[in-house]
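Here's the structure, in C-alpha cells; my notes come after.
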Amino acid sequence: MPTPVVLADQKAREKWSDIKAQLQAMKGDDCDWAEGKVPGYTYKMGDDLDYVIRESYQMYFGENALGKNAFKSVVKLESAVVDFCLRLFGHDHTGAGIFTSGGTESIFLAVKSAREWAKRNKPNVDKPNIVMPVSAHAAFGKATYYMGLESRRVPIGFEYRADLNQLREAIDENTIMIVGSAPAYAHGNFDDIGSIGELAEQHGLWLHVDACLGGFVAPFAKKLGYPIPKFDFTVPQVTSLSADLHKYGYAPKGSSVLLYRTPDHKEYAKFVFRDWPRGLYQTYTFLGSRPAGPLAGSFAALNFLGEQGYINATRIMLSIKEKLISGIEAIGGLRVYHPSDLIILLYDSVEAAVDINAVAEEMRKRGWFIGVVANPVAISFPINPIHEKSVDLYVADLRSCVEIVRKSGKTAAYDEATYT
Ligand SMILES: *Cc1c(COP(=O)(O)O)cnc(C)c1O
C-alpha cells in the first residue's frame with residue numbers, strides 16, 4: 001500500500017493551505033450536520049465509525065471498481081457486502097446482488113431488470129407499465145421516464161400506506177412490475193408487502209421492495225421487539241429489494257445494494273456491448289468507472305458495527321423518537337402524526353395562529369435544516385443517532401419558534417423545494 005505523502009515542497013504546501021482555506025470558507029453557510037442540525041441527507045453514528053470509514057475509503061481512493069480483473073479485491077468486497085445484506089433480509093447465498101451508487105441506481109436497475117425479464121417472460125406485453133403507490137420514491141418516476149416506461153402512481157390509503165384496491169385496479173395485461181416501500185420516505189410508514197406479494201403472484205408480476213430508507217433499521221428494530229411487518233425475502237413473492245448503505249448503514253455516500261431472489265434475476269441487469277473497437281464491454285451497473293471507496297467504506301461499516309452496533313444505533317434512534325414525540329406534544333398547538341412506523345416523524349399545527357410554514361422558517365433562522373412534506377403539509381424529522389446530542393436543543397428551539405409565530409401572527413408560503 002502506498003504510504004501517505006506529506007507535502008514536501010513548500011510551494012505545494014502553500015497551495016494546499018490556500019485550497020483548504022477556500023473549502024472551509026465555502027462550507028461556512030452549510031447546515032451543521034455533524035452537530036445534528038440536519039434531519040435528513042446525512043447519517044452519522046459516531047466519531048469512531050467515521051474514522052474507520054474514512055480510513056477504509058482512503059485505502060481505496062484510487063482503485064476503480066469497474067476493473068474487476070485488475071482489482072480482484074473489489075469482487076471480494078462486493079460479494080461480502082452482498083452476502084451480509086442477503087442474510088439480513090431473510091435470504092441466503094442462493095440470492096444475488098449488486099453494489100450500486102445509491103438508492104436511485106438500485107431502483108433504476110430493478111426497473112431495468114424487470115423490463116428485460118418481462119421481454120422474456122411476458123411476451124404478450126407490448127407497452128409495459130409499472131404500478132405503484134404515489135408514495136413510492138421519486139426515483140421510480142425518474143427511472144421510468146429515462147427508460148420510456150409507463151408508471152402508474154395510484155393514491156394511497158389509510159395511514160398513508162399502499163391502497164391494495166387502487167393497486168389492483170391499475171394492473172392490466174401490460175403491467176410488468178409492482179412496487180412497495182418498507183417504509184416510504186415521505187410519511188415513513190410500511191406498505192403491506194405480504195398483500196402486495198399476493199397481488200404480484202395473481203398477476204405474475206415482478207415485485208420490488210424499496211427498503212432504501214429502512215433497510216438497515218427495520219431488522220434491528222425487530223430484534224428489539226418493535227413490531228415490524230414482513231417486508232423482505234421472507235415474503236415469497238419478493239423478486240428484488242433495495243437498501244441504502246449510505247443511509248442507516250452509515251456508509252459513505254455512493255453506497256446501496258440491489259438484491260435479487262436468484263442469480264438469474266440479476267442477469268437481467270447486465271448490459272453487454274460488443275460494437276466497439278476496444279472489445280467486450282459488460283457491466284451490471286449504470287456507472288462505468290465506479291469509485292471503490294464507498295464499497296470499502298460499506299464493508300468497514302458493516303464489520304465495525306456488526307449486528308450489535310446496528311441494534312445499538314436503532315435503540316438510540318427509537319429513544320430519540322420518544323423524546324421528540326413527548327417534547328413536541330408538550331409544546332402545545334402541534335400534532336405529531338401517529339402511527340410513525342420507524343424513524344420518520346411528521347408534525348403539523350392544529351392551532352390557527354401557528355402557521356407551520358412560518359415555524360419552519362423560524363427554525364431555519366436558527367441553523368436547522370427543516371424539510372416540509374407536501375401532502376399533507378407537515379414538518380418531517382428523519383431521526384438518526386447523531387440527534388442524541390441535538391434533540392433537546394431542537395425541542396427548545398421549536399418551543400420558542402412556535403411562541404414567536406403565535407405572538408407575531410407570522411405566516412409563510414409553503415416552500416416546495418425542501419428536498420432538492
Ligand atoms: C433515499 C431513498 C431513495 C433514493 O435513494 P438515493 O440514495 O437518494 O438515490 C429511494 N427510496 C427510498 C425509500 C429512499 O428513502
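All residue names refer to the C-alpha cells as shown: chains lettered A, B, ... in order, residues numbered from 1 in each chain, ligands numbered from 1 in order.
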Checklist entry - Within 7 Å of ligand 1, counting only C-alpha atoms and all ligand atoms, which protein or nucleic acid residues do you find, written as a ChimeraX atom specification? => result /A:102-105,137,139,181,183-185,210-213,244
Find the spatial neighbours of Ser106 (chain A), counting only C-alpha atoms, within a cut-off of 8 Å - ignore same-chain residues fewer than 4 positions away - and output them as a ChimeraX atom specification. /A:100-102,110,242,256-258
The selected residues should be written to file as a compact mmCIF listing (two decimals), in the first residue's frame (atoms: N, CA, C and O atoms).
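The resulting file, out.txt, is reproduced below:
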# COMPACT_ATOMS: atom_id res chain seq x y z
N THR A 100 -24.39 -0.73 -5.65
CA THR A 100 -24.66 0.42 -6.54
C THR A 100 -24.27 1.73 -5.86
O THR A 100 -23.90 1.75 -4.70
N SER A 101 -24.45 2.80 -6.61
CA SER A 101 -24.02 4.12 -6.12
C SER A 101 -25.06 4.80 -5.24
O SER A 101 -24.83 5.88 -4.73
N GLY A 102 -26.24 4.18 -5.08
CA GLY A 102 -27.26 4.80 -4.26
C GLY A 102 -28.63 4.24 -4.56
O GLY A 102 -28.79 3.39 -5.43
N ALA A 110 -33.41 -2.11 -10.83
CA ALA A 110 -34.54 -3.00 -10.58
C ALA A 110 -35.56 -2.85 -11.71
O ALA A 110 -36.09 -3.84 -12.24
N SER A 242 -34.20 -3.14 -2.54
CA SER A 242 -33.10 -2.17 -2.49
C SER A 242 -32.95 -1.65 -1.06
O SER A 242 -33.93 -1.47 -0.35
N SER A 256 -25.19 1.59 -1.94
CA SER A 256 -26.51 0.98 -1.82
C SER A 256 -26.39 -0.45 -2.35
O SER A 256 -25.41 -0.78 -3.01
N VAL A 257 -27.36 -1.29 -2.03
CA VAL A 257 -27.38 -2.62 -2.66
C VAL A 257 -28.74 -2.86 -3.30
O VAL A 257 -29.78 -2.40 -2.81
N LEU A 258 -28.68 -3.58 -4.41
CA LEU A 258 -29.89 -4.12 -5.03
C LEU A 258 -29.75 -5.64 -4.95
O LEU A 258 -28.78 -6.21 -5.46
Residues of region 289-417 of chain A classed as alpha helix (DSSP H) by DSSP on the backbone are to be reported as an mmCIF file with C-alpha atoms, in the first residue's frame.
data_model
loop_
_atom_site.group_PDB
_atom_site.id
_atom_site.type_symbol
_atom_site.label_atom_id
_atom_site.label_comp_id
_atom_site.auth_asym_id
_atom_site.auth_seq_id
_atom_site.Cartn_x
_atom_site.Cartn_y
_atom_site.Cartn_z
ATOM 1 C CA GLY A 293 -14.110 3.879 -1.729
ATOM 2 C CA PRO A 294 -17.827 3.527 -0.952
ATOM 3 C CA LEU A 295 -17.525 -0.238 -1.274
ATOM 4 C CA ALA A 296 -14.587 -0.380 1.148
ATOM 5 C CA GLY A 297 -16.422 2.043 3.447
ATOM 6 C CA SER A 298 -19.544 -0.137 3.382
ATOM 7 C CA PHE A 299 -17.532 -3.258 4.134
ATOM 8 C CA ALA A 300 -15.929 -1.417 7.048
ATOM 9 C CA ALA A 301 -19.222 -0.071 8.422
ATOM 10 C CA LEU A 302 -20.920 -3.477 8.344
ATOM 11 C CA ASN A 303 -17.995 -5.173 10.053
ATOM 12 C CA PHE A 304 -17.161 -2.424 12.523
ATOM 13 C CA LEU A 305 -20.728 -2.088 13.752
ATOM 14 C CA GLY A 306 -21.932 -5.634 13.160
ATOM 15 C CA GLU A 307 -25.381 -6.656 14.264
ATOM 16 C CA GLN A 308 -24.858 -5.354 17.804
ATOM 17 C CA GLY A 309 -23.721 -1.941 16.587
ATOM 18 C CA TYR A 310 -26.779 -1.535 14.383
ATOM 19 C CA ILE A 311 -29.025 -2.682 17.204
ATOM 20 C CA ASN A 312 -27.479 -0.005 19.420
ATOM 21 C CA ALA A 313 -27.942 2.658 16.759
ATOM 22 C CA THR A 314 -31.566 1.626 16.399
ATOM 23 C CA ARG A 315 -32.107 1.684 20.161
ATOM 24 C CA ILE A 316 -30.677 5.214 20.301
ATOM 25 C CA MET A 317 -32.960 6.383 17.478
ATOM 26 C CA LEU A 318 -36.063 4.876 18.992
ATOM 27 C CA SER A 319 -35.350 6.630 22.277
ATOM 28 C CA ILE A 320 -34.737 9.941 20.449
ATOM 29 C CA LYS A 321 -38.094 9.368 18.813
ATOM 30 C CA GLU A 322 -39.841 9.036 22.182
ATOM 31 C CA LYS A 323 -38.130 12.211 23.358
ATOM 32 C CA LEU A 324 -39.177 14.078 20.231
ATOM 33 C CA ILE A 325 -42.772 12.913 20.449
ATOM 34 C CA SER A 326 -43.215 13.903 24.081
ATOM 35 C CA GLY A 327 -41.246 17.137 23.587
ATOM 36 C CA ILE A 328 -43.260 18.264 20.558
ATOM 37 C CA GLU A 329 -46.585 17.260 22.084
ATOM 38 C CA ALA A 330 -45.776 19.197 25.267
ATOM 39 C CA ILE A 331 -45.298 22.456 23.318
ATOM 40 C CA ILE A 356 -46.391 25.561 10.310
ATOM 41 C CA ASN A 357 -44.501 27.033 7.344
ATOM 42 C CA ALA A 358 -43.677 30.090 9.445
ATOM 43 C CA VAL A 359 -42.441 27.794 12.213
ATOM 44 C CA ALA A 360 -40.213 26.051 9.649
ATOM 45 C CA GLU A 361 -38.821 29.409 8.560
ATOM 46 C CA GLU A 362 -38.062 30.478 12.131
ATOM 47 C CA MET A 363 -36.283 27.174 12.762
ATOM 48 C CA ARG A 364 -34.160 27.684 9.650
ATOM 49 C CA LYS A 365 -33.014 31.045 11.012
ATOM 50 C CA VAL A 391 -32.752 16.684 20.278
ATOM 51 C CA ASP A 392 -33.134 18.791 23.437
ATOM 52 C CA LEU A 393 -31.987 21.911 21.602
ATOM 53 C CA TYR A 394 -34.355 21.106 18.733
ATOM 54 C CA VAL A 395 -37.348 20.871 21.042
ATOM 55 C CA ALA A 396 -36.333 24.034 22.929
ATOM 56 C CA ASP A 397 -35.868 25.971 19.663
ATOM 57 C CA LEU A 398 -39.152 24.618 18.359
ATOM 58 C CA ARG A 399 -40.917 25.783 21.518
ATOM 59 C CA SER A 400 -39.628 29.333 21.151
ATOM 60 C CA CYS A 401 -40.241 29.416 17.378
ATOM 61 C CA VAL A 402 -43.853 28.367 17.922
ATOM 62 C CA GLU A 403 -44.155 31.126 20.518
ATOM 63 C CA ILE A 404 -42.705 33.736 18.116
ATOM 64 C CA VAL A 405 -45.110 32.705 15.356
ATOM 65 C CA ARG A 406 -48.075 32.627 17.724
ATOM 66 C CA LYS A 407 -47.315 36.106 19.102
ATOM 67 C CA SER A 408 -46.487 37.758 15.790
#
One decimal, in Å: what's the spacing between CA of Lys127 (chain A) and CA of Tyr268 (chain A)?
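Interatomic distance, CA of Lys127 (chain A) to CA of Tyr268 (chain A): 18.4 Å.
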**Request:** Output as a PyMOL selection string all residues of region 263-375 of chain A that backbone DSSP marks as strand (DSSP E).
**Result:** chain A and resi 271-273+281-283+334-336+344-349+371-373
